[in-house]
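**Q** One structure is given below, represented as structure tokens, and several questions about it will come after.
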Amino acid sequence: MVGLGALFVLLLASVAYLGLSASSFVEETQPFLLDFTADFARNWEVATVEARMTDALATNLRTPQGRNVMSQLKQLGAFKGGHEFESRHYSSGTDGKRAEIAFDGRFEHADVVVTIVVERRDGVVKVDGFHIALDDGVQPQSDARDA
């Protein structure tokens with residue numbers, strides 16, 4: 001029985017450590033993710049942020065389908081900011097850390113959920129996936145100061 005108790009405590013400690021590591025990774029990468037999104041949204045051209053992407057993502061976005069998606073994203077307008085960051089998946093190993101991080105993003109013409117797969121290997125942070133979810137398509141927005 002004592003062995004099972006010790007195993008349970010070890011399991012709880014491991015889960016707590018992973019949770020803290022994931023939270024720390026989100027905090028560490030948040031400025032990178034905001035800068036990446038703002039820079040990418042300036043023109044939705046891969047070349048603008050290619051140095052911050054994995055080769056696989058850059059290659060995928062250069063396909064006809066990828067270029068079509070980038071063309072559609074231009075309708076969002078300028079990136080205004082993001083908040084409510086959360087780690088959806090996190091892994092850490094000897095080869096680095098990797099997480100799928102989602103946040104609420106505000107663009108000129110829509111509020112969206114931005115999901116970015118980010119990895120850090122040998123101290124270098126790169127984006128390996130990028131997804132934007134729109135609830136109702138691109139809609140004009142107004143602020144209180146517009147009313």
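All residue names refer to the structure tokens as shown: chains lettered A, B, ... in order, residues numbered from 1 in each chain, ligands numbered from 1 in order.
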Within 12 Å of Met70 (chain A), counting only C-alpha atoms, which residues show up once you throw out same-chain ones fewer than 6 positions away? Write them as a list of chain:residue names, please.
**A**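 Contacts, in chain order: A:Phe40, A:Ala41, A:Arg42, A:Asn43, A:Trp44, A:Glu45, A:Val46, A:Ala58, A:Asn60, A:Leu61, A:Arg62, A:Thr63, A:Pro64, A:Leu76, A:Phe130, A:His131, A:Ile132.
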**Q** Residues near region 82-97 of chain A, anyone? I mean within 9 Å using only C-alpha atoms, not counting same-chain ones fewer than 4 positions away, as a PyMOL selection string.
**A** chain A and resi 18-19+21-23+25-27+30+34+101-107+114+117-123
**Q** Let's see if you can do this: from backbone DSSP, list all strand (DSSP E or B) residues in region 54-122 of chain A, as number ranges by chain.
**A** A: 79-93, 96-107, 111-121
